[in-house]
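Step one of this worksheet: look at the structure below.
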Amino acid sequence: MKRIYMIEDVCIGCHLCEVACITEHSQSKNPVKAFLHEENRPISRCTVEEWDGGVVSFSTTCRHCDEPDCLRACISGAIQKNDSGVVRIDTEQCVGCWSCVMACPYGAVQRNLKKKKANKCDLCPDRTSPACVDACPNRALVYKEGSQK
Amino acid sequence: MLYKSVTESFNEFIIDRNDATCIRCKVCVRQCAYEVHAYEATADALTEDNTLCIGCRRCSALCPTGAITIRSNEEVFKRNESWSNAHIRNLYAQADTGGILLAAMGNPAKYPIYWDHMLLDASQVTNPSIDPLREPMELRTYLGKKPHSIEVVRDEQTGKPKLATKLTPQIKMEYPFIFSAMSYGALNLNAHKAMAMAAKELGTLYNTGEGGLHRDLYQYGSNVMVQVASGRFGVSEAYLNAGVAIEIKVGQGAKPGIGGHLPGEKVNDQISETRMIPAGADAISPAPHHDIYSIEDLRQLIFALKEATNYTKPVSVKIAAVHHVAAIASGVARAGADIITIDGFRGGTGAAPQVIRDNVGIPMELALAAVDARLRDEGIRNQVSIVVGGGVRSSGDAIKAIALGADAINMGTSTLLALGCTLCQRCYTGKCPWGITTNTPYLAKRLNPELGAERLVNLVHAWGHEMKEILGGMGLNALESLRGNRYKLRALGLTEKDMNILGVMPAGE
């Protein structure tokens, strides 16, 4: 299946992937409205990790594992893997126990504390390629076929 | 402004931030290499220090909501035709510091641009034009010494004609473009990787500049021209043999008569290893080659390099376009060079004294015409290929250069622009916001070599397509047919003397 890969050497730490993720998961899908006017701004599904003052940086995101630990840990059946291999979370079913957050070896499941729901990358079902990948100005995120590693 | 000198307060740029669309994502804060933007958490607001802005436009380009506009500061000094704002600013800066003003990139001053005064011909009725989409068109270029005459014999085995004359080494290029000499150190490894990868894909050359060739780039050898300059940085037997040609750099268009100075802060471990100098030490290229004080001395170096490479590589000599360029070029050709590279006064630099950049040298158009004419008059034009650089902005300029007599074009500023440069002219600070002329790891990552190479390949393809269209329109099917064919050029708005030097007739004649 197609997954998002980060290329650490050319990640410039601009955090535009996060901006795009929040925008894509907002009601309006417009950055100004999403950040300034909408209630319940979504939280980003990708996180830019930085060390050494930004000399090392990369965007972490869900690997959509073949055998997802988050899915196994989910107590309510909210996390499911569909036929094409995409691991998604049904927020209606999520009870906010954070078991998936603890189980994920990549730290790719976030807690939306306001909504008390877990949050994770859904590979942007409304787009042909994920928002973070399209927003990266330096091609440090690539969407291509490959394994979870 | 508080804690700023009066001079600093006369800032050149103003940042307009639209608060209604600013989403406080702080991309501008992270991306500005000059620390112009700041986020005030208590007020949840972004602020800017306009006095630090260099006008690179990195922030406005990356702002996801387009909330930032950089504009020039309309607040100017009282209008004065003699004392421009730039003159006043520069004078203040020197009164503050007592130093030589540094500048970067090519001469930006308002001198005539001869490309804009020359027009190309096209076929009508009496001679057919050619459609480059249907007919083969050739841009292939060979650099190197051409023999005075050739002897062709019949091959006994195949019965086909065969060249009996033994040719000196030639470089075959699919496009008449070379990514110009910009040293490793002035540019970072990502920029060099991008140029090397693009040159390989295009079947053309990338010039290393004077900073040696990084070990990772030896694999691109068949598309590399290595440079030997007055500092001899990174020169070894392996280096000389690594590429397909060697260039002796005598001068540079942006700073004729001036050496180079790479500040120690830019010399990191890898540059130190490649240049063969201690890390953190200033890399100083002397103004002259201390072993070249005459054409005879130049000849010794040319042949020393040829000996070192067993006469397998053509040797180029790069000179800046100065007053006696034609006579100098004649001497260079007679000294045994295979290629003469002429760098016009609009050629770029990473750092040069501003007064030199803006006032020394002559336009490449005139220098090229003068050199080509002189070498023809002396009957030695075939002994050298001419490569020109410094001020070629488009395929139109490039094809005019070919018609004036150039064999190939050096792409310097255009290469940087394709890599993302916005000509802010601050290369010498080592803080290039686009990650090109910086060795700071945090900034250098901004140039993705793969992306850069793609853009360079696209640019050369685009120029190639345009050149083929122009050639077809003139009824020519090979660039070789246009080389030195000044009959295909006409001048518009030039003096009689200019036209004499350019060897071009006025439009209408």
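FYI, nothing fancy with the structure tokens labels: chains A, B, ... in order, residues from 1 per chain, ligands from 1 as they appear.
In plain terms, chain B touches chain A through Thr21, Ile23, Val27, Arg30, Gln31, Thr65, Pro441, Tyr442, Lys445, Arg446 and Asn448 of chain B, where touching means an atom at most 7 Å away, counting only C-alpha atoms.
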Contacts between segment 406-414 of chain B and segment 355-380 of chain B, please, where a residue of segment 355-380 of chain B counts if it comes within 12 Å (with only C-alpha atoms); show its shortest atom pair and distance in Å to one decimal, rows by chain and ascending number, as JSON lines.
```
{"residue": "B:Met364", "atom": "CA", "partner": "B:Ala406", "partner_atom": "CA", "distance": 10.6}
{"residue": "B:Glu365", "atom": "CA", "partner": "B:Ala406", "partner_atom": "CA", "distance": 9.9}
{"residue": "B:Leu366", "atom": "CA", "partner": "B:Ala406", "partner_atom": "CA", "distance": 11.9}
{"residue": "B:Ala367", "atom": "CA", "partner": "B:Ala406", "partner_atom": "CA", "distance": 10.8}
{"residue": "B:Leu368", "atom": "CA", "partner": "B:Ala406", "partner_atom": "CA", "distance": 7.1}
{"residue": "B:Ala369", "atom": "CA", "partner": "B:Ala406", "partner_atom": "CA", "distance": 8.7}
{"residue": "B:Ala370", "atom": "CA", "partner": "B:Ala406", "partner_atom": "CA", "distance": 11.4}
{"residue": "B:Val371", "atom": "CA", "partner": "B:Ala406", "partner_atom": "CA", "distance": 9.7}
{"residue": "B:Asp372", "atom": "CA", "partner": "B:Ala406", "partner_atom": "CA", "distance": 7.8}
{"residue": "B:Ala373", "atom": "CA", "partner": "B:Ala406", "partner_atom": "CA", "distance": 11.2}
```
Atomic separation - atom CA of Arg381 of chain B relative to atom CA of Glu480 of chain B, Å =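 Distance reported for this atom pair: 14.5 Å.
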key: Expected answer as a ChimeraX atom specification: helix (DSSP H, G or I) residues in segment 60-121 of chain A   = /A:69-73,99-103
Generate a file of the selected residues that holds C-alpha atoms, formatted as a short mmCIF file (atom, residue, chain, number, x, y, z; two decimals), in the first residue's frame.
```
data_model
loop_
_atom_site.label_atom_id
_atom_site.label_comp_id
_atom_site.auth_asym_id
_atom_site.auth_seq_id
_atom_site.Cartn_x
_atom_site.Cartn_y
_atom_site.Cartn_z
CA ASP A 69 -0.57 -2.45 17.89
CA CYS A 70 -3.06 0.41 18.30
CA LEU A 71 -5.81 -1.72 16.77
CA ARG A 72 -5.03 -4.61 19.08
CA ALA A 73 -4.98 -2.32 22.09
CA SER A 99 -4.70 2.52 25.13
CA CYS A 100 -3.81 3.07 21.48
CA VAL A 101 -1.60 6.03 22.42
CA MET A 102 0.32 3.81 24.82
CA ALA A 103 0.54 0.95 22.34
#
```
query = Which residues come within 8 Å of Leu101 of chain B, counting only C-alpha atoms, excluding same-chain residues fewer than 6 positions away, as a list in words?
reply = Asn90, Ala93, Gln94, Pro353, Gln354 and Val355 of chain B
Please dump the current selection as a compact mmCIF listing (two decimals), in the first residue's frame; keep C-alpha atoms.
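Result saved to result_7.txt:
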```txt
# COMPACT_ATOMS: atom_id res chain seq x y z
CA ASN B 90 26.36 52.84 1.30
CA ALA B 93 27.36 52.14 6.20
CA GLN B 94 30.98 53.03 5.50
CA PRO B 353 33.90 44.43 -2.76
CA GLN B 354 30.84 46.32 -3.98
CA VAL B 355 32.93 49.03 -5.63
```
Who sits within 10 Å of segment 81-83 of chain A, only C-alpha atoms, same chain under 5 positions skipped, as a CSV table (one decimal) with N, CA, C and O atoms, in the first residue's frame:
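See around_34.csv below for the written result:
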```csv
chain,number,residue,atom,x,y,z
A,64,HIS,N,0.7,3.1,9.4
A,64,HIS,CA,-0.3,2.2,8.9
A,64,HIS,C,0.2,0.7,8.9
A,64,HIS,O,0.2,0.1,7.9
A,65,CYS,N,0.6,0.3,10.1
A,65,CYS,CA,1.3,-1.0,10.3
A,65,CYS,C,0.5,-2.2,9.7
A,65,CYS,O,-0.7,-2.1,9.7
A,66,ASP,N,1.2,-3.2,9.3
A,66,ASP,CA,0.5,-4.4,8.8
A,66,ASP,C,-0.3,-5.1,9.9
A,66,ASP,O,-1.4,-5.6,9.7
A,67,GLU,N,0.4,-5.1,11.1
A,67,GLU,CA,-0.3,-5.6,12.3
A,67,GLU,C,-0.3,-4.5,13.3
A,67,GLU,O,0.5,-4.5,14.2
A,68,PRO,N,-1.3,-3.6,13.3
A,68,PRO,CA,-1.2,-2.4,14.1
A,68,PRO,C,-1.4,-2.7,15.6
A,68,PRO,O,-2.4,-3.4,16.0
A,71,LEU,N,-4.6,-1.0,17.0
A,71,LEU,CA,-5.8,-1.7,16.8
A,71,LEU,C,-6.0,-2.8,17.8
A,71,LEU,O,-7.1,-3.0,18.4
A,88,ARG,N,-7.8,3.4,10.4
A,88,ARG,CA,-8.5,4.7,10.7
A,88,ARG,C,-9.2,4.5,12.0
A,88,ARG,O,-9.4,3.4,12.5
A,89,ILE,N,-9.6,5.6,12.6
A,89,ILE,CA,-10.2,5.6,13.9
A,89,ILE,C,-11.6,6.2,13.8
A,89,ILE,O,-11.8,7.2,13.1
```
task = Mind the document's chain letters and residue numbers, and return as a ChimeraX atom specification the residues of segment 253-417 of chain B that DSSP labels strand (DSSP E or B).
result = /B:260-262,283-285,315-320,339-343,352-353,385-389,408-411
What does the file look like for those residues with C-alpha atoms, as a tab-separated table (two decimals), in the first residue's frame?
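File produced: out-v4.tsv:
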```
chain	number	residue	atom	x	y	z
B	260	GLY	CA	38.62	35.13	-3.13
B	261	HIS	CA	38.04	34.80	0.57
B	262	LEU	CA	35.96	32.04	2.09
B	283	ALA	CA	40.39	29.96	2.52
B	284	ILE	CA	42.12	32.78	0.71
B	285	SER	CA	42.62	32.72	-3.05
B	315	VAL	CA	42.24	22.76	-20.60
B	316	SER	CA	40.14	25.88	-20.27
B	317	VAL	CA	41.37	29.27	-19.12
B	318	LYS	CA	38.79	31.51	-17.53
B	319	ILE	CA	39.34	35.24	-17.72
B	320	ALA	CA	37.20	38.20	-16.77
B	339	ILE	CA	38.84	26.51	-24.26
B	340	ILE	CA	38.66	30.19	-23.30
B	341	THR	CA	35.98	31.11	-20.81
B	342	ILE	CA	35.04	34.77	-20.73
B	343	ASP	CA	33.13	36.06	-17.74
B	352	ALA	CA	33.17	40.85	-3.71
B	353	PRO	CA	33.90	44.43	-2.76
B	385	SER	CA	36.30	26.94	-28.01
B	386	ILE	CA	34.75	30.00	-26.42
B	387	VAL	CA	32.54	29.64	-23.38
B	388	VAL	CA	30.87	32.79	-22.09
B	389	GLY	CA	29.09	33.69	-18.89
B	408	ALA	CA	28.75	27.34	-25.02
B	409	ILE	CA	27.19	29.34	-22.21
B	410	ASN	CA	28.04	29.28	-18.52
B	411	MET	CA	24.90	29.37	-16.39
```
task = Give me the residues within 9 Å of Glu469 of chain B as a VMD selection string, counting only C-alpha atoms and dropping any in the same chain fewer than 6 places off.
result = chain B and resid 130 to 133
task = Using only C-alpha atoms, determine which residues lie at most 12 Å from Phe179 of chain B, disregarding the query and same-chain residues fewer than 2 positions distant; provide the list as a ChimeraX atom specification.
result = /B:175-177,181-183,191-200,202-209,223-226,387-389,408-416,418-419,453,456-457,459-460
For N, CA and C atoms, I'd like the residues from the last selection saved as a short mmCIF file (atom, residue, chain, number, x, y, z; two decimals), in the first residue's frame.
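Listed below is the output, selection_20.cif:
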```cif
data_model
loop_
_atom_site.label_atom_id
_atom_site.label_comp_id
_atom_site.auth_asym_id
_atom_site.auth_seq_id
_atom_site.Cartn_x
_atom_site.Cartn_y
_atom_site.Cartn_z
N TYR B 175 23.72 19.83 -24.76
CA TYR B 175 23.21 21.21 -24.75
C TYR B 175 24.40 22.15 -24.62
N PRO B 176 24.30 23.36 -25.16
CA PRO B 176 25.46 24.26 -25.07
C PRO B 176 25.51 24.99 -23.73
N PHE B 177 25.18 24.29 -22.64
CA PHE B 177 25.14 24.96 -21.34
C PHE B 177 26.01 24.23 -20.32
N ALA B 181 31.09 27.74 -12.72
CA ALA B 181 31.98 27.48 -11.58
C ALA B 181 31.54 28.26 -10.35
N MET B 182 31.02 27.52 -9.37
CA MET B 182 30.67 28.14 -8.09
C MET B 182 31.18 27.16 -7.05
N SER B 183 32.16 27.55 -6.26
CA SER B 183 32.94 26.59 -5.49
C SER B 183 32.14 25.90 -4.40
N ALA B 191 23.78 21.92 -3.18
CA ALA B 191 23.76 22.65 -4.45
C ALA B 191 24.66 21.95 -5.47
N HIS B 192 25.83 21.50 -5.01
CA HIS B 192 26.75 20.81 -5.92
C HIS B 192 26.16 19.48 -6.40
N LYS B 193 25.50 18.78 -5.48
CA LYS B 193 24.86 17.52 -5.88
C LYS B 193 23.81 17.79 -6.95
N ALA B 194 23.02 18.84 -6.74
CA ALA B 194 21.96 19.16 -7.70
C ALA B 194 22.55 19.45 -9.07
N MET B 195 23.63 20.22 -9.11
CA MET B 195 24.25 20.56 -10.40
C MET B 195 24.84 19.32 -11.06
N ALA B 196 25.52 18.48 -10.25
CA ALA B 196 26.15 17.29 -10.81
C ALA B 196 25.10 16.32 -11.37
N MET B 197 24.02 16.12 -10.59
CA MET B 197 22.97 15.21 -11.03
C MET B 197 22.31 15.73 -12.31
N ALA B 198 22.07 17.04 -12.34
CA ALA B 198 21.42 17.62 -13.52
C ALA B 198 22.33 17.52 -14.75
N ALA B 199 23.62 17.79 -14.55
CA ALA B 199 24.56 17.73 -15.68
C ALA B 199 24.60 16.32 -16.25
N LYS B 200 24.57 15.33 -15.36
CA LYS B 200 24.61 13.94 -15.82
C LYS B 200 23.36 13.62 -16.63
N LEU B 202 21.41 15.65 -18.21
CA LEU B 202 21.32 16.45 -19.43
C LEU B 202 22.40 16.11 -20.45
N GLY B 203 23.46 15.43 -20.00
CA GLY B 203 24.58 15.17 -20.89
C GLY B 203 25.37 16.43 -21.13
N THR B 204 25.54 17.22 -20.07
CA THR B 204 26.34 18.43 -20.20
C THR B 204 27.31 18.49 -19.02
N LEU B 205 27.84 19.66 -18.71
CA LEU B 205 28.90 19.74 -17.70
C LEU B 205 28.51 20.58 -16.48
N TYR B 206 29.16 20.24 -15.39
CA TYR B 206 29.07 21.06 -14.19
C TYR B 206 30.49 21.42 -13.81
N ASN B 207 30.74 22.68 -13.54
CA ASN B 207 32.08 23.13 -13.18
C ASN B 207 32.20 23.17 -11.66
N THR B 208 33.27 22.57 -11.14
CA THR B 208 33.39 22.47 -9.67
C THR B 208 33.63 23.81 -9.00
N GLY B 209 34.17 24.78 -9.74
CA GLY B 209 34.65 25.97 -9.04
C GLY B 209 35.94 25.63 -8.34
N ASN B 223 30.75 14.19 -16.26
CA ASN B 223 30.03 15.43 -16.49
C ASN B 223 30.60 16.57 -15.65
N VAL B 224 31.88 16.46 -15.32
CA VAL B 224 32.50 17.45 -14.44
C VAL B 224 33.67 18.13 -15.12
N MET B 225 33.75 19.45 -14.95
CA MET B 225 34.95 20.19 -15.32
C MET B 225 35.56 20.66 -14.00
N VAL B 226 36.79 20.27 -13.73
CA VAL B 226 37.40 20.65 -12.45
C VAL B 226 38.16 21.96 -12.63
N VAL B 387 33.67 29.79 -24.29
CA VAL B 387 32.54 29.64 -23.38
C VAL B 387 32.33 31.01 -22.73
N VAL B 388 31.10 31.47 -22.69
CA VAL B 388 30.87 32.79 -22.09
C VAL B 388 29.87 32.70 -20.94
N GLY B 389 30.01 33.63 -20.02
CA GLY B 389 29.09 33.69 -18.89
C GLY B 389 28.97 35.12 -18.43
N ALA B 408 29.64 27.78 -26.10
CA ALA B 408 28.75 27.34 -25.02
C ALA B 408 28.58 28.47 -24.01
N ILE B 409 27.57 28.29 -23.16
CA ILE B 409 27.19 29.34 -22.21
C ILE B 409 27.37 28.80 -20.79
N ASN B 410 27.96 29.60 -19.94
CA ASN B 410 28.04 29.28 -18.52
C ASN B 410 26.79 29.80 -17.84
N MET B 411 26.10 28.93 -17.12
CA MET B 411 24.90 29.37 -16.39
C MET B 411 25.24 29.46 -14.91
N GLY B 412 25.34 30.65 -14.39
CA GLY B 412 25.65 30.84 -12.98
C GLY B 412 24.43 31.34 -12.23
N THR B 413 24.11 32.61 -12.43
CA THR B 413 22.96 33.19 -11.74
C THR B 413 21.68 32.43 -12.08
N SER B 414 21.54 32.04 -13.34
CA SER B 414 20.33 31.32 -13.74
C SER B 414 20.24 29.97 -13.02
N THR B 415 21.38 29.34 -12.79
CA THR B 415 21.40 28.08 -12.03
C THR B 415 20.89 28.32 -10.62
N LEU B 416 21.41 29.38 -9.99
CA LEU B 416 21.00 29.66 -8.62
C LEU B 416 19.51 30.00 -8.55
N ALA B 418 17.19 28.93 -10.49
CA ALA B 418 16.43 27.69 -10.63
C ALA B 418 16.44 26.90 -9.32
N LEU B 419 17.50 27.06 -8.54
CA LEU B 419 17.58 26.35 -7.25
C LEU B 419 16.79 27.07 -6.16
N ALA B 453 17.93 19.35 -8.77
CA ALA B 453 18.37 18.76 -10.03
C ALA B 453 17.22 18.74 -11.03
N LEU B 456 16.76 22.18 -12.45
CA LEU B 456 17.83 22.55 -13.40
C LEU B 456 17.62 21.84 -14.73
N VAL B 457 17.25 20.56 -14.65
CA VAL B 457 16.99 19.80 -15.88
C VAL B 457 15.82 20.45 -16.64
N LEU B 459 14.86 23.55 -16.55
CA LEU B 459 15.27 24.84 -17.12
C LEU B 459 16.04 24.65 -18.43
N VAL B 460 17.01 23.73 -18.40
CA VAL B 460 17.81 23.52 -19.61
C VAL B 460 16.96 22.92 -20.73
#
```
key: Contact residues around Ser129 of chain A with only C-alpha atoms at 10 Å, ignoring same-chain residues under 5 positions, as a VMD selection string   = chain A and resid 2 to 4 123 to 124 134 142 to 144
query = At what distance in Å, to one decimal, does atom CA of Ala308 of chain B lie from atom CA of Ala279 of chain B?
reply = 28.0 Å
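Going from atom CA of Gln227 of chain B to atom CA of Glu247 of chain B covers 4.5 Å.
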